[in-house]
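Enquirer: Please find one structure pasted underneath; my questions will follow.
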Amino acid sequence: MGHDAGMEHPKDYVLRTVEERHVRFVQLWFTDVLGAPKSIQITPAELEVALDEGITFDGSSIDGFSRVQESDVLARPDVRTFQLLPYLADGTPTARVVCDIVDLGGTPLDGDPRQVLRRALDRARDLGFSFFAAPEMEYFYFAGSGRPGDAGGGVAPPVPLDHGSYFDLTTNDLGSELRRQTVLALEEMGIPVGSNQHEDAPSQHEVDLRYTDALTMADTIMTVRMVVKELAARRGVVASFMPKPLVGVQGSGMHLHLSLFRGGTNAFYDEEDDYHLSGVARRFIAGVLRHARELTAVTNQWVNSYKRLIVGYEAPVYISWARNNRSALVRVPPTKAGRRDSTRVEYRAPDPACNPYLALAAVLSAGLAGVERGYDLPAPLATNLYELTADERRALGIEALPGSLGDAVASLERSELMAGALGEHVFEWFVRNKRAEWNDYKAEVTPFELHRYLPTL
Ligand code: GLU
Ligand code: MG
């Protein structure tokens, strides 16, 4: 991605670039089941062997990867993902390459999220489709200790850097400056940024990426989170993708713009249709809606994710679709004349703290189920869903997304579709891990309760 290797073999390009750019370290990146970035750093001397054979490490030390008895695994670099990292503080020329995780016999590891997405993409390919995605990534900047390298933690409640709002054009504002530096670093890495702006809440920003194939995009989302945090930490600022860090203002979503292509043609586009949506697009939306409750634990995987999915903040709560209505779960952005490739559906539930590999695999699998099984798409909703009463919603047959992580895990656990999409190993591990998180949370006595009940009860 991002470079033009011409006819040169990708491996030769990597070795040549490492030499010409005096690269001192190469980071081998991969991701655990909950979406935490992991890296093994090697020197150029080890690179060629790493590219040919992979690097062995103890997979049992990574959350969700492998069981102790089969602990040794290989990180095998995907050479096409090689990139210089222009944002590192000390300026030492460093590059990264994203890895697939395989067992010592070369079989893809069930616990590797990148593998889960690859499998879902293979299923799409079997049906003749390639899957493209573009996220809108929202996040906050908070005051840190002011010391470079501060990664946050225990900053409670977090303090915004500004009091700006949607599209504010401010001068001399550190958040906007950091965002600009981030966009420049991303573009230097060959990651095309669409637009970027101040978001609604104080110190909340958004970076929108141009669409690419979904595997590249999942790698890119990991990279963006890293670059945003790293550049902020250098200035002693804490950048956070936490879904709802502040009470009473918007949370951070990661709306996903999705499309299926067949050959070079957008399979979601139909000239004749009122909304320019093809039958494939309609059935895809129907699939995503029908399975939305089952996949929400994956796209919104933390206790805190459900503090965002509440009424009144432009985050979806009810399972519905609409042409252009920000309270709907699926929105179909209008297609500009002559831009058939841009016909897409926007899935608005995910937050930027999800595991992007698993989230894209889950949403794709739900959409494909709709396409394969020929689900009918219900009528779009024109009304603001937040304003309907419970009776009106019931009459319209509109269900709600899970209201809590516990509720979401219960729906996930019963989902055959998600068991198939994630694979048995990840599915079981994830359900177990998330149920444990929910139980930990339930056992807490929160400041809310003490404040509200202790004086009177
Ligand atoms: N911040 C909102 C969310 O949580 C989205 C605002 C927007 O429409 O960009 O999804
Ligand atoms: Mg936004």
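Labels used: A, B, ... for chains in the order of the structure tokens, numbers from 1 for residues in each chain, and numbers from 1 for ligands as shown.
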Please return as a PyMOL selection string: the residues of region 162-327 of chain A that backbone DSSP assigns to alpha helix (DSSP H).
Expert: chain A and resi 174-188+214-234+279-290+292-299+305-308
Enquirer: Go through the chains and note each residue within 9 Å of ligand 2, using only C-alpha atoms and all ligand atoms, then give the set as an NGL selection string.
Expert: :A and (136-138 or 166 or 197-200 or 205-208 or 252-255 or 314)
Enquirer: If you keep all heavy atoms, can you produce a file of those selected residues as a tab-separated table (two decimals), in the first residue's frame?
Expert:
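Writing done, so here's result.tsv:
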```tsv
chain	number	residue	atom	x	y	z
A	136	GLU	N	-14.97	6.70	9.40
A	136	GLU	CA	-14.87	8.07	9.94
A	136	GLU	C	-14.41	7.87	11.38
A	136	GLU	O	-15.16	7.38	12.20
A	136	GLU	CB	-16.24	8.76	9.97
A	136	GLU	CG	-16.88	8.94	8.62
A	136	GLU	CD	-18.30	9.54	8.76
A	136	GLU	OE1	-18.59	10.22	9.77
A	136	GLU	OE2	-19.11	9.31	7.86
A	137	MET	N	-13.17	8.24	11.66
A	137	MET	CA	-12.64	7.97	13.00
A	137	MET	C	-12.73	9.21	13.89
A	137	MET	O	-12.13	10.23	13.60
A	137	MET	CB	-11.20	7.49	12.90
A	137	MET	CG	-11.08	6.22	12.05
A	137	MET	SD	-9.43	5.52	12.04
A	137	MET	CE	-9.30	4.93	13.74
A	138	GLU	N	-13.51	9.10	14.95
A	138	GLU	CA	-13.66	10.20	15.90
A	138	GLU	C	-12.84	9.88	17.16
A	138	GLU	O	-12.73	8.73	17.56
A	138	GLU	CB	-15.13	10.37	16.27
A	138	GLU	CG	-15.98	10.80	15.08
A	138	GLU	CD	-17.46	10.94	15.41
A	138	GLU	OE1	-17.95	10.29	16.36
A	138	GLU	OE2	-18.15	11.69	14.71
A	166	TYR	N	-18.43	21.52	16.12
A	166	TYR	CA	-18.43	21.13	14.70
A	166	TYR	C	-17.75	22.13	13.78
A	166	TYR	O	-18.15	23.29	13.70
A	166	TYR	CB	-19.87	21.01	14.20
A	166	TYR	CG	-20.46	19.64	14.34
A	166	TYR	CD1	-21.71	19.47	14.92
A	166	TYR	CD2	-19.78	18.51	13.87
A	166	TYR	CE1	-22.29	18.21	15.04
A	166	TYR	CE2	-20.35	17.25	13.98
A	166	TYR	CZ	-21.59	17.11	14.56
A	166	TYR	OH	-22.15	15.87	14.68
A	197	GLN	N	-11.73	17.20	10.55
A	197	GLN	CA	-12.43	18.36	11.10
A	197	GLN	C	-12.50	18.29	12.62
A	197	GLN	O	-12.27	17.24	13.21
A	197	GLN	CB	-13.87	18.37	10.56
A	197	GLN	CG	-14.73	17.31	11.22
A	197	GLN	CD	-15.85	16.76	10.34
A	197	GLN	OE1	-15.67	16.54	9.16
A	197	GLN	NE2	-17.00	16.54	10.95
A	198	HIS	N	-12.84	19.42	13.21
A	198	HIS	CA	-13.20	19.42	14.63
A	198	HIS	C	-14.59	18.82	14.72
A	198	HIS	O	-15.46	19.14	13.91
A	198	HIS	CB	-13.21	20.85	15.15
A	198	HIS	CG	-13.14	20.93	16.65
A	198	HIS	ND1	-14.13	20.44	17.46
A	198	HIS	CD2	-12.18	21.40	17.48
A	198	HIS	CE1	-13.79	20.62	18.73
A	198	HIS	NE2	-12.60	21.20	18.78
A	199	GLU	N	-14.81	17.93	15.66
A	199	GLU	CA	-16.15	17.34	15.81
A	199	GLU	C	-16.98	18.13	16.82
A	199	GLU	O	-16.53	19.15	17.33
A	199	GLU	CB	-16.03	15.86	16.20
A	199	GLU	CG	-16.43	14.89	15.08
A	199	GLU	CD	-17.91	14.98	14.69
A	199	GLU	OE1	-18.73	15.46	15.50
A	199	GLU	OE2	-18.25	14.57	13.57
A	200	ASP	N	-18.15	17.62	17.11
A	200	ASP	CA	-19.14	18.35	17.90
A	200	ASP	C	-18.69	18.67	19.32
A	200	ASP	O	-18.88	19.77	19.81
A	200	ASP	CB	-20.43	17.52	17.94
A	200	ASP	CG	-21.55	18.24	18.65
A	200	ASP	OD1	-21.69	19.46	18.43
A	200	ASP	OD2	-22.27	17.61	19.44
A	205	HIS	N	-12.19	15.34	17.63
A	205	HIS	CA	-11.77	15.49	16.23
A	205	HIS	C	-12.17	14.27	15.42
A	205	HIS	O	-12.48	13.22	15.98
A	205	HIS	CB	-10.25	15.70	16.18
A	205	HIS	CG	-9.84	17.01	16.76
A	205	HIS	ND1	-9.53	18.11	16.01
A	205	HIS	CD2	-9.74	17.42	18.07
A	205	HIS	CE1	-9.24	19.12	16.80
A	205	HIS	NE2	-9.36	18.73	18.06
A	206	GLU	N	-12.14	14.47	14.10
A	206	GLU	CA	-12.50	13.35	13.22
A	206	GLU	C	-11.56	13.32	12.02
A	206	GLU	O	-11.25	14.36	11.43
A	206	GLU	CB	-13.95	13.53	12.74
A	206	GLU	CG	-14.33	12.52	11.67
A	206	GLU	CD	-15.82	12.54	11.35
A	206	GLU	OE1	-16.64	12.69	12.27
A	206	GLU	OE2	-16.16	12.40	10.16
A	207	VAL	N	-11.13	12.12	11.68
A	207	VAL	CA	-10.33	11.90	10.48
A	207	VAL	C	-11.07	10.87	9.63
A	207	VAL	O	-11.36	9.77	10.09
A	207	VAL	CB	-8.92	11.38	10.86
A	207	VAL	CG1	-8.16	10.93	9.63
A	207	VAL	CG2	-8.14	12.45	11.61
A	208	ASP	N	-11.41	11.26	8.40
A	208	ASP	CA	-12.12	10.34	7.49
A	208	ASP	C	-11.13	9.80	6.47
A	208	ASP	O	-10.39	10.58	5.86
A	208	ASP	CB	-13.23	11.07	6.74
A	208	ASP	CG	-14.28	11.65	7.68
A	208	ASP	OD1	-14.27	11.29	8.86
A	208	ASP	OD2	-15.10	12.47	7.22
A	252	SER	N	-17.49	9.05	20.74
A	252	SER	CA	-16.75	8.85	19.50
A	252	SER	C	-17.20	7.58	18.80
A	252	SER	O	-17.13	6.49	19.37
A	252	SER	CB	-15.25	8.78	19.77
A	252	SER	OG	-14.76	10.04	20.17
A	253	GLY	N	-17.65	7.75	17.56
A	253	GLY	CA	-18.04	6.60	16.75
A	253	GLY	C	-16.99	6.33	15.70
A	253	GLY	O	-16.05	7.11	15.50
A	254	MET	N	-17.14	5.20	15.04
A	254	MET	CA	-16.35	4.93	13.84
A	254	MET	C	-17.32	4.39	12.79
A	254	MET	O	-17.42	3.18	12.58
A	254	MET	CB	-15.22	3.93	14.11
A	254	MET	CG	-14.31	3.77	12.88
A	254	MET	SD	-12.84	2.76	13.18
A	254	MET	CE	-13.55	1.11	13.20
A	255	HIS	N	-18.06	5.33	12.20
A	255	HIS	CA	-19.01	4.92	11.16
A	255	HIS	C	-18.24	4.26	10.03
A	255	HIS	O	-17.19	4.77	9.63
A	255	HIS	CB	-19.78	6.13	10.62
A	255	HIS	CG	-20.40	6.96	11.71
A	255	HIS	ND1	-20.87	8.22	11.50
A	255	HIS	CD2	-20.63	6.68	13.02
A	255	HIS	CE1	-21.37	8.70	12.64
A	255	HIS	NE2	-21.22	7.78	13.56
A	314	GLU	N	-26.68	11.46	18.25
A	314	GLU	CA	-26.29	11.10	16.88
A	314	GLU	C	-25.62	9.73	16.80
A	314	GLU	O	-25.00	9.40	15.79
A	314	GLU	CB	-25.38	12.16	16.24
A	314	GLU	CG	-26.10	13.49	16.05
A	314	GLU	CD	-25.28	14.52	15.30
A	314	GLU	OE1	-24.40	14.15	14.52
A	314	GLU	OE2	-25.54	15.72	15.49
```
Enquirer: Determine, counting only C-alpha atoms, which protein, DNA and RNA residues have an atom within 6 Å of an atom of region 114-131 of chain A; residues of the same chain fewer than 6 positions away are not included. Present the result as an MDAnalysis selection string.
Expert: chainID A and resid 213:214 260:262 357 361 422
Enquirer: From a DSSP pass on the backbone, collect the residues of region 79-256 of chain A flagged as strand (DSSP E or B) and hand them back as a PyMOL selection string.
Expert: chain A and resi 83-84+94-103+108+130-143+160+193-198+204-209+212-213+237-240+254-256
Enquirer: Could you tell me which of A:Ala419, A:Ile191, A:Ile310, A:Ala134 comes closest to Ala366 (chain A) if we count only C-alpha atoms?
Expert: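 Closest candidate: A:Ala419.
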Enquirer: Gly59 (chain A): which residues within 12 Å, counting only C-alpha atoms, same-chain residues fewer than 6 positions away excluded, as a PyMOL selection string?
Expert: chain A and resi 30-33+38+65-75+101-104+109-112
Enquirer: Which polymer residues have any atom within 9 Å of an atom of Pro243 (chain A), counting only C-alpha atoms, with same-chain residues fewer than 3 positions away left out, as number ranges by chain?
Expert: A: 138-139, 240, 251-253, 300, 302, 304-308, 351-353
Enquirer: Go ahead and dump the residues you just picked, C-alpha atoms, as an mmCIF file, in the first residue's frame.
Expert:
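Writing done, so here's result-v8.cif:
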```cif
data_model
loop_
_atom_site.group_PDB
_atom_site.id
_atom_site.type_symbol
_atom_site.label_atom_id
_atom_site.label_comp_id
_atom_site.auth_asym_id
_atom_site.auth_seq_id
_atom_site.Cartn_x
_atom_site.Cartn_y
_atom_site.Cartn_z
ATOM 1 C CA GLU A 138 -13.657 10.197 15.903
ATOM 2 C CA TYR A 139 -11.489 10.728 18.981
ATOM 3 C CA SER A 240 -8.266 8.706 23.220
ATOM 4 C CA GLY A 251 -19.161 10.063 22.164
ATOM 5 C CA SER A 252 -16.751 8.853 19.497
ATOM 6 C CA GLY A 253 -18.037 6.603 16.751
ATOM 7 C CA ASN A 300 -18.887 -2.167 20.388
ATOM 8 C CA TRP A 302 -16.447 -2.443 25.931
ATOM 9 C CA ASN A 304 -18.169 2.022 27.939
ATOM 10 C CA SER A 305 -19.307 1.474 24.313
ATOM 11 C CA TYR A 306 -22.920 1.316 25.516
ATOM 12 C CA LYS A 307 -22.694 4.720 27.207
ATOM 13 C CA ARG A 308 -22.384 6.075 23.658
ATOM 14 C CA ASP A 351 -16.803 2.729 17.779
ATOM 15 C CA PRO A 352 -13.119 3.376 17.155
ATOM 16 C CA ALA A 353 -12.089 1.180 20.102
#
```
Enquirer: Tell me which of A:Val79, A:Val247, A:Leu364, A:Ala292 sits closest to His9 (chain A), counting only C-alpha atoms.
Expert: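 With only C-alpha atoms as the atom set, the closest residue is A:Val79.
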Enquirer: Set the distance at 9 Å and use only C-alpha atoms: which residues neighbour Ala281 (chain A) once local chain neighbours fewer than 6 positions away are removed? I'd like the list as a PyMOL selection string.
Expert: chain A and resi 259-260+267-269+344-345+367+371
Enquirer: Would you save the residues from that selection as a PDB file, in the first residue's frame, using C-alpha atoms?
Expert:
```
ATOM      1  CA  SER A 259     -19.493  -1.402  -0.517  1.00  0.00           C
ATOM      2  CA  LEU A 260     -19.162  -4.603  -2.517  1.00  0.00           C
ATOM      3  CA  ALA A 267     -22.313  -3.911  -7.050  1.00  0.00           C
ATOM      4  CA  PHE A 268     -24.280  -1.567  -4.763  1.00  0.00           C
ATOM      5  CA  TYR A 269     -25.166   0.841  -7.576  1.00  0.00           C
ATOM      6  CA  ARG A 344     -22.226   2.841  -0.277  1.00  0.00           C
ATOM      7  CA  VAL A 345     -23.941   2.107   2.983  1.00  0.00           C
ATOM      8  CA  GLY A 367     -24.343  -8.349   4.932  1.00  0.00           C
ATOM      9  CA  VAL A 371     -27.249 -11.284  -0.023  1.00  0.00           C
TER      10      VAL A 371
END
```
Enquirer: Find the spatial neighbours of Asp12 (chain A), counting only C-alpha atoms, within a cut-off of 12 Å - ignore same-chain residues fewer than 6 positions away - and output them as a list in words.
Expert: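 Contacts, in chain order: Ala5, Gly6, Val18, Glu19, Glu20, Leu47, Glu48, Leu51, Asp52, Val79, Arg80 and Phe82 of chain A.
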Enquirer: By how many Å are CA of Glu387 (chain A) and CA of Thr299 (chain A) apart?
Expert: 25.2 Å
Enquirer: Which is closer to ligand 1 than all the others in A:Leu377, A:Leu174, A:Ala359, A:Ala328, using only C-alpha atoms and all ligand atoms?
Expert: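 Between A:Leu377, A:Leu174, A:Ala359, A:Ala328, the residue approaching ligand 1 most closely is A:Ala328.
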Enquirer: Identify which of the residues A:Arg339, A:Lys434, A:Arg331, A:Arg234 lies closest to ligand 1, counting only C-alpha atoms and all ligand atoms when measuring atom-to-atom distances.
Expert: A:Arg331
Enquirer: Tell me which of A:Glu230, A:Asp219, A:Glu346, A:Glu177 sits closest to ligand 1, counting only C-alpha atoms and all ligand atoms.
Expert: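 Of all the options, A:Glu346 lies closest to ligand 1.
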Enquirer: Expressed in Å to a single decimal, how great is the separation between CA of His291 (chain A) and CA of Val224 (chain A)?
Expert: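 Result for CA of His291 (chain A) versus CA of Val224 (chain A): 28.3 Å, one decimal.
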Enquirer: What is the CA of Lys229 (chain A)-CA of Gln181 (chain A) distance in Å, reported with one decimal?
Expert: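 Computed distance, CA of Lys229 (chain A) to CA of Gln181 (chain A), equals 11.7 Å.
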Enquirer: Given only C-alpha atoms as the basis, pick out the residue of A:Phe427, A:Trp438, A:Phe132, A:Phe241 nearest to Ala408 (chain A).
Expert: A:Trp438
